[in-house]
>>> print(open('protein.tsv').read())   # TSV, C-alpha atoms
chain	number	residue	atom	x	y	z
S	109	MET	CA	-19.60	41.39	103.90
S	110	VAL	CA	-20.95	42.83	100.63
S	111	LYS	CA	-17.74	44.85	100.23
S	112	PHE	CA	-15.66	41.69	100.83
S	113	VAL	CA	-17.60	39.70	98.21
S	114	THR	CA	-17.33	42.57	95.73
S	115	LEU	CA	-13.57	42.76	96.32
S	116	LEU	CA	-13.27	39.00	95.89
S	117	LEU	CA	-15.19	39.14	92.59
S	118	LEU	CA	-12.97	42.00	91.43
S	119	VAL	CA	-9.85	39.99	92.25
S	120	PHE	CA	-11.20	36.99	90.29
S	121	ALA	CA	-12.14	39.26	87.39
S	122	LEU	CA	-8.63	40.78	87.30
S	123	ASP	CA	-7.10	37.32	87.47
S	124	ASP	CA	-9.24	36.25	84.52
S	125	CYS	CA	-8.15	39.31	82.54
S	126	ARG	CA	-4.48	38.53	83.21
S	127	SER	CA	-4.79	35.21	81.36
S	128	GLY	CA	-5.52	37.13	78.17
S	129	GLU	CA	-3.37	40.20	78.49
S	130	ASP	CA	-0.17	38.17	77.97
S	131	ILE	CA	-0.85	38.16	74.24
S	132	THR	CA	-1.40	41.49	72.54
S	133	VAL	CA	-1.98	42.79	69.03
S	134	GLU	CA	1.10	45.04	69.29
S	135	GLU	CA	3.43	42.19	70.25
S	136	SER	CA	1.98	39.87	67.62
S	137	ARG	CA	2.25	42.53	64.93
S	138	LYS	CA	5.88	43.25	65.83
S	139	THR	CA	6.89	39.58	65.78
S	140	LEU	CA	4.98	38.72	62.62
S	141	SER	CA	6.26	41.80	60.77
S	142	TYR	CA	9.84	40.68	61.41
S	143	LEU	CA	9.22	37.05	60.44
S	144	ALA	CA	7.47	38.14	57.24
S	145	SER	CA	10.00	40.85	56.34
S	146	ASP	CA	12.14	40.89	53.20
S	147	ASP	CA	15.19	40.58	55.51
S	148	LEU	CA	14.42	36.89	56.00
S	149	GLU	CA	14.21	36.26	52.25
S	150	GLY	CA	11.25	33.89	52.42
S	151	ARG	CA	12.77	31.65	55.16
S	152	LYS	CA	13.63	28.81	52.79
S	153	PRO	CA	15.56	25.97	54.51
S	154	GLY	CA	19.28	26.17	53.80
S	155	ASN	CA	19.11	29.86	52.92
S	156	PRO	CA	20.48	32.63	55.17
S	157	GLY	CA	17.00	33.96	55.98
S	158	ASN	CA	15.95	30.59	57.38
S	159	PHE	CA	19.06	30.47	59.57
S	160	LEU	CA	18.34	33.99	60.84
S	161	THR	CA	14.79	32.84	61.64
S	162	VAL	CA	16.16	29.87	63.60
S	163	SER	CA	18.48	32.21	65.47
S	164	PHE	CA	15.62	34.61	66.28
S	165	ILE	CA	13.28	31.88	67.56
S	166	ARG	CA	16.00	30.22	69.64
S	167	LYS	CA	16.79	33.51	71.35
S	168	GLU	CA	13.12	34.21	71.99
S	169	PHE	CA	12.64	30.77	73.58
S	170	GLU	CA	15.72	31.32	75.74
S	171	SER	CA	14.49	34.74	76.84
S	172	TYR	CA	11.23	33.13	78.05
S	173	GLY	CA	13.22	30.75	80.24
S	174	LEU	CA	12.56	27.64	78.14
S	175	GLU	CA	15.00	24.74	77.80
S	176	THR	CA	16.03	25.15	74.17
S	177	HIS	CA	17.11	22.50	71.66
S	178	LEU	CA	18.13	22.72	68.02
S	179	GLN	CA	17.14	19.46	66.36
S	180	LYS	CA	19.25	19.21	63.22
S	181	PHE	CA	18.50	17.10	60.17
S	182	THR	CA	19.74	16.94	56.60
S	183	TYR	CA	18.08	16.31	53.29
S	184	THR	CA	19.30	16.21	49.72
S	185	PHE	CA	17.80	17.33	46.46
S	186	ARG	CA	19.06	16.89	42.94
S	187	TRP	CA	18.36	18.21	39.50
S	188	ARG	CA	19.47	17.45	35.98
S	189	VAL	CA	22.38	19.59	34.70
S	190	GLY	CA	22.99	17.65	31.47
S	191	LEU	CA	21.69	14.71	29.51
S	192	PHE	CA	23.29	12.17	31.87
S	193	ARG	CA	24.43	14.47	34.65
S	194	TRP	CA	22.72	15.32	37.90
S	195	ARG	CA	23.76	17.71	40.63
S	196	THR	CA	23.04	16.77	44.23
S	197	ILE	CA	22.97	19.26	47.06
S	198	GLU	CA	22.89	18.44	50.75
S	199	VAL	CA	21.15	20.82	53.13
S	200	GLU	CA	21.44	20.84	56.90
S	201	THR	CA	18.64	22.60	58.74
S	202	MET	CA	16.85	22.27	62.09
S	203	ASN	CA	13.71	22.43	64.19
S	204	VAL	CA	13.80	24.85	67.12
S	205	ILE	CA	12.36	23.36	70.29
S	206	GLY	CA	11.57	25.05	73.60
S	207	ILE	CA	10.57	22.95	76.59
S	208	LEU	CA	8.74	24.13	79.69
S	209	ARG	CA	9.11	21.27	82.16
S	210	GLY	CA	6.16	20.18	84.24
S	211	THR	CA	6.06	17.70	87.09
S	212	SER	CA	4.16	14.84	85.41
S	213	ASP	CA	5.32	12.41	82.69
S	214	LYS	CA	2.73	13.73	80.24
S	215	HIS	CA	3.22	16.51	77.76
S	216	VAL	CA	1.53	18.68	75.15
S	217	VAL	CA	3.18	19.80	71.89
S	218	ILE	CA	2.38	23.20	70.37
S	219	GLY	CA	3.93	23.64	66.93
S	220	ALA	CA	4.00	25.68	63.76
S	221	HIS	CA	6.26	25.61	60.73
S	222	MET	CA	8.58	28.58	60.36
S	223	ASP	CA	9.86	27.95	56.83
S	224	HIS	CA	8.45	29.20	53.54
S	225	LEU	CA	9.36	29.29	49.86
S	226	GLY	CA	12.36	31.64	49.62
S	227	LEU	CA	12.78	33.98	46.65
S	228	ASP	CA	11.20	33.87	43.20
S	229	GLY	CA	13.22	34.08	39.98
S	230	ASP	CA	13.20	37.89	40.11
S	231	GLY	CA	14.47	38.01	43.69
S	232	ASN	CA	11.10	38.84	45.27
S	233	ALA	CA	10.60	37.22	48.66
S	234	TYR	CA	7.75	34.87	49.41
S	235	ASN	CA	7.25	36.47	52.81
S	236	GLY	CA	4.60	33.98	53.90
S	237	ALA	CA	2.96	36.30	56.41
S	238	ASP	CA	-0.02	33.99	56.80
S	239	ASP	CA	1.90	30.83	55.76
S	240	ASN	CA	3.28	30.56	58.33
S	241	ALA	CA	4.65	33.62	60.10
S	242	SER	CA	1.18	33.77	61.67
S	243	GLY	CA	1.39	30.33	63.30
S	244	THR	CA	5.02	30.89	64.32
S	245	THR	CA	4.04	34.20	65.95
S	246	ALA	CA	1.25	32.43	67.84
S	247	VAL	CA	3.68	29.76	69.09
S	248	LEU	CA	6.13	32.45	70.26
S	249	GLU	CA	3.38	34.38	72.03
S	250	LEU	CA	2.14	31.19	73.72
S	251	ALA	CA	5.69	30.24	74.72
S	252	GLU	CA	6.17	33.69	76.24
S	253	ALA	CA	2.84	33.56	78.09
S	254	PHE	CA	3.61	30.15	79.60
S	255	GLY	CA	7.32	30.76	80.12
S	256	LYS	CA	6.86	34.04	81.99
S	257	SER	CA	3.87	32.88	84.02
S	258	ASP	CA	4.40	32.39	87.76
S	259	THR	CA	2.23	29.28	87.66
S	260	LYS	CA	4.10	26.38	86.15
S	261	PRO	CA	2.07	23.66	84.40
S	262	LYS	CA	1.68	20.13	85.75
S	263	ASP	CA	2.36	18.63	82.33
S	264	THR	CA	5.37	19.57	80.23
S	265	ILE	CA	4.76	21.82	77.21
S	266	ILE	CA	6.97	21.45	74.14
S	267	PHE	CA	6.96	24.38	71.72
S	268	ILE	CA	8.31	23.52	68.27
S	269	ALA	CA	9.07	25.72	65.27
S	270	PHE	CA	9.21	23.05	62.57
S	271	ASN	CA	11.45	23.49	59.55
S	272	ALA	CA	11.09	22.30	55.93
S	273	GLU	CA	7.31	21.81	56.09
S	274	GLU	CA	6.96	23.18	52.59
S	275	LEU	CA	9.33	20.49	51.31
S	276	GLY	CA	7.11	17.68	52.59
S	277	LEU	CA	6.70	17.98	56.38
S	278	LEU	CA	10.39	17.11	56.82
S	279	GLY	CA	10.81	18.77	60.22
S	280	SER	CA	7.74	17.25	61.85
S	281	LYS	CA	8.52	13.81	60.38
S	282	HIS	CA	12.03	14.11	61.81
S	283	TYR	CA	10.67	15.08	65.23
S	284	VAL	CA	8.17	12.20	65.28
S	285	ASN	CA	11.00	9.78	64.45
S	286	ASN	CA	13.23	11.37	67.13
S	287	PRO	CA	10.90	12.76	69.82
S	288	LEU	CA	12.46	14.45	72.84
S	289	LEU	CA	9.79	12.84	75.06
S	290	PRO	CA	7.91	9.59	74.27
S	291	LEU	CA	5.02	10.14	71.87
S	292	ASP	CA	2.90	7.78	73.98
S	293	ASP	CA	2.97	10.43	76.72
S	294	CYS	CA	1.79	13.20	74.40
S	295	LYS	CA	-1.74	14.20	75.44
S	296	LEU	CA	-2.28	16.54	72.49
S	297	MET	CA	-0.40	18.07	69.57
S	298	ILE	CA	-1.69	21.50	68.56
S	299	ASN	CA	-0.61	22.72	65.13
S	300	LEU	CA	-1.06	26.34	64.06
S	301	ASP	CA	-0.69	26.83	60.32
S	302	MET	CA	-2.15	29.85	58.49
S	303	VAL	CA	-4.07	31.39	61.36
S	304	GLY	CA	-3.75	35.02	60.27
S	305	ARG	CA	-6.79	35.49	58.07
S	306	LEU	CA	-9.77	35.02	60.36
S	307	ARG	CA	-12.92	35.90	58.43
S	308	GLY	CA	-16.46	35.43	59.65
S	309	THR	CA	-17.23	33.58	62.85
S	310	THR	CA	-15.85	30.08	62.24
S	311	VAL	CA	-12.39	28.67	62.83
S	312	THR	CA	-11.71	25.27	61.33
S	313	ALA	CA	-9.82	22.80	63.47
S	314	GLN	CA	-8.86	19.46	62.01
S	315	GLY	CA	-8.84	16.81	64.69
S	316	GLY	CA	-7.52	13.27	64.91
S	317	ASN	CA	-7.38	10.65	67.68
S	318	LEU	CA	-9.18	13.13	69.95
S	319	SER	CA	-10.88	12.05	73.14
S	320	ARG	CA	-14.42	13.20	73.88
S	321	SER	CA	-13.11	15.31	76.77
S	322	VAL	CA	-10.95	17.42	74.41
S	323	THR	CA	-13.76	18.01	71.89
S	324	GLN	CA	-16.11	18.92	74.72
S	325	LEU	CA	-13.53	21.31	76.12
S	326	VAL	CA	-13.16	22.99	72.72
S	327	ASP	CA	-16.95	23.28	72.41
S	328	LYS	CA	-17.20	24.80	75.86
S	329	LEU	CA	-14.27	27.22	75.51
S	330	ASP	CA	-15.37	28.74	72.21
S	331	ASP	CA	-18.44	30.19	73.96
S	332	ASP	CA	-16.08	32.83	75.36
S	333	TYR	CA	-14.73	33.78	71.92
S	334	PRO	CA	-16.21	35.61	68.93
S	335	PHE	CA	-15.97	32.46	66.80
S	336	ASP	CA	-17.12	28.84	66.76
S	337	VAL	CA	-14.49	26.15	66.42
S	338	ASN	CA	-15.66	23.61	63.88
S	339	ILE	CA	-13.76	20.30	64.26
S	340	THR	CA	-13.38	18.27	61.07
S	341	ALA	CA	-11.34	15.15	60.22
S	342	ALA	CA	-7.54	15.62	60.20
S	343	GLY	CA	-5.96	15.94	56.76
S	344	ASN	CA	-2.34	15.26	55.77
S	345	ARG	CA	-1.19	18.68	54.63
S	346	SER	CA	0.56	20.14	57.66
S	347	ASP	CA	2.81	19.24	60.59
S	348	HIS	CA	0.11	17.59	62.71
S	349	ALA	CA	-0.09	14.75	60.16
S	350	PRO	CA	3.02	12.74	61.26
S	351	PHE	CA	1.75	12.92	64.86
S	352	ASN	CA	-1.73	11.84	63.77
S	353	TRP	CA	-0.31	8.88	61.81
S	354	ASN	CA	1.45	7.79	65.02
S	355	GLY	CA	-1.73	7.82	67.10
S	356	VAL	CA	-1.12	11.12	68.89
S	357	PRO	CA	-4.26	13.23	69.45
S	358	VAL	CA	-3.98	16.26	67.15
S	359	LEU	CA	-5.77	19.54	66.68
S	360	PHE	CA	-4.84	21.71	63.71
S	361	PHE	CA	-6.12	25.30	63.64
S	362	HIS	CA	-6.28	27.31	60.44
S	363	THR	CA	-8.30	30.17	59.03
S	364	GLY	CA	-8.54	29.00	55.43
S	365	THR	CA	-6.79	29.63	52.15
S	366	HIS	CA	-6.86	32.84	50.07
S	367	PRO	CA	-5.71	34.24	46.69
S	368	GLN	CA	-2.24	35.14	48.12
S	369	TYR	CA	-1.53	31.53	49.15
S	370	HIS	CA	2.01	30.58	48.02
S	371	ARG	CA	2.44	33.89	46.22
S	372	THR	CA	4.84	36.76	46.91
S	373	THR	CA	1.82	38.87	47.90
S	374	ASP	CA	1.20	36.97	51.16
S	375	ASP	CA	2.30	40.01	53.19
S	376	SER	CA	1.91	41.21	56.76
S	377	ASP	CA	-0.46	44.07	55.91
S	378	LEU	CA	-3.17	41.54	55.02
S	379	ILE	CA	-3.12	39.85	58.43
S	380	ASN	CA	-6.10	40.09	60.77
S	381	TYR	CA	-4.11	40.69	63.97
S	382	GLU	CA	-7.18	40.81	66.22
S	383	GLY	CA	-8.20	37.41	64.88
S	384	LEU	CA	-4.68	36.02	65.30
S	385	VAL	CA	-4.61	37.16	68.92
S	386	GLN	CA	-8.05	35.64	69.58
S	387	ILE	CA	-6.88	32.28	68.20
S	388	SER	CA	-3.66	32.49	70.25
S	389	LYS	CA	-5.66	33.24	73.40
S	390	PHE	CA	-8.06	30.38	72.65
S	391	THR	CA	-5.08	28.04	72.28
S	392	LEU	CA	-3.63	29.43	75.53
S	393	ASP	CA	-6.86	28.75	77.42
S	394	LEU	CA	-7.24	25.28	75.87
S	395	THR	CA	-3.65	24.34	76.71
S	396	ARG	CA	-3.96	25.66	80.26
S	397	LYS	CA	-7.00	23.45	80.85
S	398	ILE	CA	-5.18	20.40	79.47
S	399	VAL	CA	-1.84	20.80	81.25
S	400	GLN	CA	-3.07	22.01	84.65
W	153	MET	CA	30.42	19.27	56.31
W	154	ILE	CA	33.93	20.16	55.09
W	155	TRP	CA	32.68	23.64	54.27
W	156	VAL	CA	31.53	24.14	57.87
W	157	ASN	CA	35.05	23.30	59.05
W	158	ALA	CA	36.57	25.61	56.43
W	159	ALA	CA	34.28	28.44	57.55
W	160	LYS	CA	35.28	27.84	61.18
W	161	GLN	CA	38.96	27.98	60.15
W	162	TYR	CA	38.36	31.34	58.47
W	163	LEU	CA	36.70	32.80	61.58
W	164	ALA	CA	39.44	31.38	63.80
W	165	ALA	CA	42.01	33.11	61.60
W	166	VAL	CA	40.07	36.39	61.84
W	167	VAL	CA	40.00	36.42	65.65
W	168	CYS	CA	43.68	35.39	65.78
W	169	LYS	CA	44.52	38.21	63.36
W	170	ASP	CA	46.22	35.64	61.13
W	171	THR	CA	46.13	37.66	57.92
W	172	GLY	CA	48.47	35.25	56.09
W	173	SER	CA	46.05	32.35	56.49
W	174	ILE	CA	43.07	34.53	55.60
W	175	GLU	CA	44.74	35.56	52.35
W	176	HIS	CA	45.02	31.93	51.24
W	177	MET	CA	41.36	31.27	51.95
W	178	LEU	CA	39.92	34.11	49.88
W	179	ASP	CA	38.93	34.18	46.23
W	180	ASP	CA	40.33	37.17	44.29
W	181	LYS	CA	36.79	38.53	43.78
W	182	VAL	CA	35.55	37.88	47.31
W	183	GLU	CA	32.74	40.10	48.58
W	184	LEU	CA	32.45	41.17	52.22
W	185	ARG	CA	29.20	42.69	53.43
W	186	ASP	CA	28.24	43.58	57.00
W	187	TRP	CA	26.13	46.17	58.80
W	188	HIS	CA	28.34	49.06	57.74
W	189	THR	CA	30.79	47.78	55.12
W	190	ARG	CA	30.52	46.44	51.61
W	191	VAL	CA	33.78	45.72	49.79
W	192	VAL	CA	34.70	43.57	46.80
W	193	GLY	CA	38.13	42.09	46.06
W	194	LYS	CA	40.72	40.21	48.10
W	195	ASP	CA	42.87	43.27	48.86
W	196	LYS	CA	39.94	45.29	50.19
W	197	VAL	CA	38.65	42.41	52.29
W	198	LEU	CA	42.13	41.90	53.76
W	199	LEU	CA	42.32	45.62	54.52
W	200	SER	CA	38.95	45.40	56.25
W	201	ASN	CA	40.18	42.45	58.30
W	202	ARG	CA	43.31	44.40	59.23
W	203	ARG	CA	41.16	47.31	60.44
W	204	PHE	CA	39.19	44.87	62.58
W	205	ALA	CA	42.44	43.47	63.96
W	206	ASP	CA	43.74	46.98	64.72
W	207	GLY	CA	40.58	47.79	66.69
W	208	ILE	CA	40.90	44.95	69.16
W	209	LYS	CA	43.51	43.77	71.64
W	210	THR	CA	42.21	40.22	72.00
W	211	ALA	CA	39.14	38.35	70.81
W	212	SER	CA	37.52	34.95	71.18
W	213	LEU	CA	34.71	33.44	69.20
W	214	LYS	CA	32.13	30.94	70.43
W	215	ILE	CA	30.12	29.26	67.68
W	216	ASN	CA	26.62	28.51	68.96
W	217	ASN	CA	25.05	27.04	65.83
W	218	THR	CA	25.87	26.09	62.26
W	219	ALA	CA	23.95	24.98	59.18
W	220	TYR	CA	24.86	24.49	55.55
W	221	LYS	CA	23.48	24.16	52.06
W	222	ASP	CA	26.06	22.83	49.67
W	223	LYS	CA	28.82	25.48	49.70
W	224	TYR	CA	26.86	27.99	51.81
W	225	VAL	CA	27.64	27.89	55.53
W	226	CYS	CA	25.72	29.77	58.23
W	227	LEU	CA	27.30	30.31	61.65
W	228	GLU	CA	25.77	31.91	64.71
W	229	CYS	CA	28.59	33.28	66.85
W	230	GLU	CA	29.27	35.13	70.04
W	231	LEU	CA	32.31	37.39	69.68
W	232	THR	CA	33.97	38.52	72.90
W	233	TYR	CA	36.64	41.13	72.40
W	234	GLU	CA	38.77	43.63	74.22
W	235	PRO	CA	38.81	46.90	72.30
W	236	VAL	CA	41.94	49.00	72.03
W	237	PHE	CA	42.19	51.79	74.60
W	238	GLU	CA	40.96	54.59	72.32
W	239	LEU	CA	37.69	52.81	71.66
W	240	ASN	CA	37.25	51.65	75.22
W	241	MET	CA	37.83	54.92	77.10
W	242	PHE	CA	34.17	55.64	77.80
W	243	ARG	CA	33.18	52.12	78.72
W	244	ASP	CA	33.29	50.46	82.11
W	245	GLN	CA	33.69	46.85	81.08
W	246	LYS	CA	36.95	45.46	79.74
W	247	TYR	CA	35.39	42.95	77.35
W	248	MET	CA	32.54	43.49	74.95
W	249	VAL	CA	30.26	40.83	73.51
W	250	MET	CA	28.61	40.88	70.10
W	251	ASN	CA	26.27	38.28	68.61
W	252	ILE	CA	26.88	37.86	64.91
W	253	VAL	CA	25.48	35.59	62.21
W	254	TYR	CA	27.96	34.87	59.40
W	255	ILE	CA	26.94	33.51	56.01
W	256	ILE	CA	30.04	32.29	54.14
W	257	GLU	CA	29.93	30.99	50.57
W	258	PHE	CA	32.71	28.97	48.94
W	259	ASN	CA	33.47	28.57	45.25
W	260	GLU	CA	34.19	25.25	43.52
W	261	TRP	CA	37.91	25.54	44.31
W	262	GLY	CA	37.25	25.86	48.04
W	263	LYS	CA	38.00	29.58	48.22
W	264	ILE	CA	35.69	31.98	50.01
W	265	LYS	CA	33.48	33.74	47.49
W	266	SER	CA	31.37	35.89	49.81
W	267	ILE	CA	31.07	36.75	53.50
W	268	ARG	CA	27.89	38.29	54.86
W	269	SER	CA	27.46	39.11	58.51
W	270	TYR	CA	24.57	40.41	60.57
W	271	LYS	CA	24.35	41.64	64.14
W	272	SER	CA	21.74	39.50	65.86
>>> encode(input="protein.tsv", output="structure tokens")
Amino acid sequence: MVKFVTLLLLVFALDDCRSGEDITVEESRKTLSYLASDDLEGRKPGNPGNFLTVSFIRKEFESYGLETHLQKFTYTFRWRVGLFRWRTIEVETMNVIGILRGTSDKHVVIGAHMDHLGLDGDGNAYNGADDNASGTTAVLELAEAFGKSDTKPKDTIIFIAFNAEELGLLGSKHYVNNPLLPLDDCKLMINLDMVGRLRGTTVTAQGGNLSRSVTQLVDKLDDDYPFDVNITAAGNRSDHAPFNWNGVPVLFFHTGTHPQYHRTTDDSDLINYEGLVQISKFTLDLTRKIVQ
Amino acid sequence: MIWVNAAKQYLAAVVCKDTGSIEHMLDDKVELRDWHTRVVGKDKVLLSNRRFADGIKTASLKINNTAYKDKYVCLECELTYEPVFELNMFRDQKYMVMNIVYIIEFNEWGKIKSIRSYKS
């Protein structure tokens, strides 16, 4: 009997370990290093590097078995080229969306923006390793963990790599105006933006429209992690904002700003990969509890 | 949007080995850059296209995604081709598939100014 109980405990322990081993430092480092490489030229919407990023994310989603959509949108910008002359340019770009269908009508959105600032005047890339190759990597790792899992969720999970965030949340605004599933059925939108520089023992999460059950769940889950999640009021400076304005419960994780913010020095060698993986695993556990 | 159609016409001409049409689409100083070639000038780009045409028996191109910024067009394509016998002698399958991203830039007169391609 003792042997049987011991074996049972061992099986449960192994099962618990499996939930975390889907996301590893090596995988995260590999993905982030590509997204933040000079090859992608700062991932600015309309530029080749952004298109290559879209292509990469779409293929990753497809390889995890997700239903994949490219949600296109256009925007224009203009600048003065003479005293009375302006030049207008139209750009077509897109969000990349991967859907893991559940059996209920409800869904959860997990998103991060994939775009950044392009090249500076000297041709140096704004690689945006923390902003936001880190969040995009987390979304890809989560999509892989859920997509390849044998246990399918009850609620649908929508993974979104938003585009043109840096130009004014254009991708997330476009999604909110054209959601693939009704926003009223969205139980939670999780946004991951700049989650690669975990320092100390606190992760800030901006929350809006949250129910007590979600905040309690966050409080309970962070006991298993080497950080406390401190929930503050939701701001307007990332892709959760359009969801928040429309009454969707939102949770926005980030690890704070730093001297390399919006500079060409925001590179992959400054990322805390252990911290990134811990935040990804926390998000995985939180999402599993919500969609099960 | 017209530039997306023009870029598609160029790629259609490439897979059909329609060198005459390609010649009309290119600027005299066109630049072609891919994973192993970098050439500048219409004649050299045409020569490069001819070499591509000589290496395949048949080809078809499926365009999976496009985007544009003014006169820049990005196309994600799946190229299926049947290599000539000499290249195919050690391979089992008749057709080969290659995923390629093309970035094509037009000048103000509608001629192709640069072609960049990446294996994806």
>>> closest_atom_pairs(input="protein.tsv", of="chain S", to="chain W", cutoff="9 Å", atoms="all atoms listed in the file", output="tab-separated table")
residue	atom	partner	partner_atom	distance
S:Pro153	CA	W:Lys221	CA	8.5
S:Gly154	CA	W:Lys221	CA	5.0
S:Asn155	CA	W:Lys221	CA	7.2
S:Pro156	CA	W:Ile255	CA	6.6
S:Phe159	CA	W:Cys226	CA	6.8
S:Leu160	CA	W:Val253	CA	7.4
S:Ser163	CA	W:Glu228	CA	7.3
S:Phe164	CA	W:Ser272	CA	7.8
S:Leu178	CA	W:Asn217	CA	8.4
S:Lys180	CA	W:Ala219	CA	8.5
S:Thr196	CA	W:Asp222	CA	8.7
S:Ile197	CA	W:Asp222	CA	5.4
S:Glu198	CA	W:Asp222	CA	5.5
S:Val199	CA	W:Lys221	CA	4.2
S:Glu200	CA	W:Tyr220	CA	5.2
S:Thr201	CA	W:Ala219	CA	5.8
S:Met202	CA	W:Ala219	CA	8.1
>>> closest_residue(input="protein.tsv", among="S:Leu289, S:Val322, S:Val385, S:Met302", to="Phe360 (chain S)", atoms="all atoms listed in the file")
S:Met302
>>> residues_around(input="protein.tsv", residues="Val311 (chain S)", least_positions_apart="3", cutoff="7 Å", atoms="all atoms listed in the file", output="MDAnalysis selection string")
chainID S and resid 335:338 362:363
>>> closest_residue(input="protein.tsv", among="W:Ile267, W:Cys229, W:Val236, W:Leu163", to="Asn251 (chain W)", atoms="only C-alpha atoms")
W:Cys229
>>> closest_residue(input="protein.tsv", among="S:Gly243, S:Gly229, S:Gly276, S:Pro334", to="Thr309 (chain S)", atoms="only C-alpha atoms")
S:Pro334
>>> residues_around(input="protein.tsv", residues="Ala269 (chain S)", least_positions_apart="6", cutoff="9 Å", atoms="only C-alpha atoms", output="NGL selection string")
:S and (162 or 165 or 203-206 or 218-223 or 244 or 247-248 or 279)
>>> build_atoms(input="protein.tsv", residues="region 177-189 of chain W", atoms="N, CA and C atoms", output="PDB file, in the frame of the given file")
ATOM      1  N   MET W 177      42.721  31.813  51.972  1.00  0.00           N
ATOM      2  CA  MET W 177      41.360  31.270  51.950  1.00  0.00           C
ATOM      3  C   MET W 177      40.430  32.036  51.011  1.00  0.00           C
ATOM      4  N   LEU W 178      40.835  33.247  50.617  1.00  0.00           N
ATOM      5  CA  LEU W 178      39.920  34.110  49.880  1.00  0.00           C
ATOM      6  C   LEU W 178      40.067  34.002  48.371  1.00  0.00           C
ATOM      7  N   ASP W 179      38.937  34.062  47.678  1.00  0.00           N
ATOM      8  CA  ASP W 179      38.930  34.180  46.230  1.00  0.00           C
ATOM      9  C   ASP W 179      39.327  35.625  45.862  1.00  0.00           C
ATOM     10  N   ASP W 180      39.899  35.823  44.684  1.00  0.00           N
ATOM     11  CA  ASP W 180      40.330  37.170  44.290  1.00  0.00           C
ATOM     12  C   ASP W 180      39.156  38.159  44.244  1.00  0.00           C
ATOM     13  N   LYS W 181      37.947  37.628  43.910  1.00  0.00           N
ATOM     14  CA  LYS W 181      36.790  38.530  43.780  1.00  0.00           C
ATOM     15  C   LYS W 181      35.842  38.418  44.973  1.00  0.00           C
ATOM     16  N   VAL W 182      36.381  38.072  46.108  1.00  0.00           N
ATOM     17  CA  VAL W 182      35.550  37.880  47.310  1.00  0.00           C
ATOM     18  C   VAL W 182      34.792  39.164  47.665  1.00  0.00           C
ATOM     19  N   GLU W 183      33.561  38.965  48.151  1.00  0.00           N
ATOM     20  CA  GLU W 183      32.740  40.100  48.580  1.00  0.00           C
ATOM     21  C   GLU W 183      32.503  40.001  50.079  1.00  0.00           C
ATOM     22  N   LEU W 184      32.712  41.118  50.780  1.00  0.00           N
ATOM     23  CA  LEU W 184      32.450  41.170  52.220  1.00  0.00           C
ATOM     24  C   LEU W 184      31.365  42.208  52.472  1.00  0.00           C
ATOM     25  N   ARG W 185      30.309  41.767  53.152  1.00  0.00           N
ATOM     26  CA  ARG W 185      29.200  42.690  53.430  1.00  0.00           C
ATOM     27  C   ARG W 185      28.778  42.529  54.887  1.00  0.00           C
ATOM     28  N   ASP W 186      28.787  43.644  55.632  1.00  0.00           N
ATOM     29  CA  ASP W 186      28.240  43.580  57.000  1.00  0.00           C
ATOM     30  C   ASP W 186      27.370  44.804  57.222  1.00  0.00           C
ATOM     31  N   TRP W 187      27.095  45.113  58.514  1.00  0.00           N
ATOM     32  CA  TRP W 187      26.130  46.170  58.800  1.00  0.00           C
ATOM     33  C   TRP W 187      26.617  47.560  58.453  1.00  0.00           C
ATOM     34  N   HIS W 188      27.920  47.730  58.194  1.00  0.00           N
ATOM     35  CA  HIS W 188      28.340  49.060  57.740  1.00  0.00           C
ATOM     36  C   HIS W 188      29.396  49.023  56.622  1.00  0.00           C
ATOM     37  N   THR W 189      29.743  47.860  56.144  1.00  0.00           N
ATOM     38  CA  THR W 189      30.790  47.780  55.120  1.00  0.00           C
ATOM     39  C   THR W 189      30.305  46.946  53.935  1.00  0.00           C
TER      40      THR W 189
END
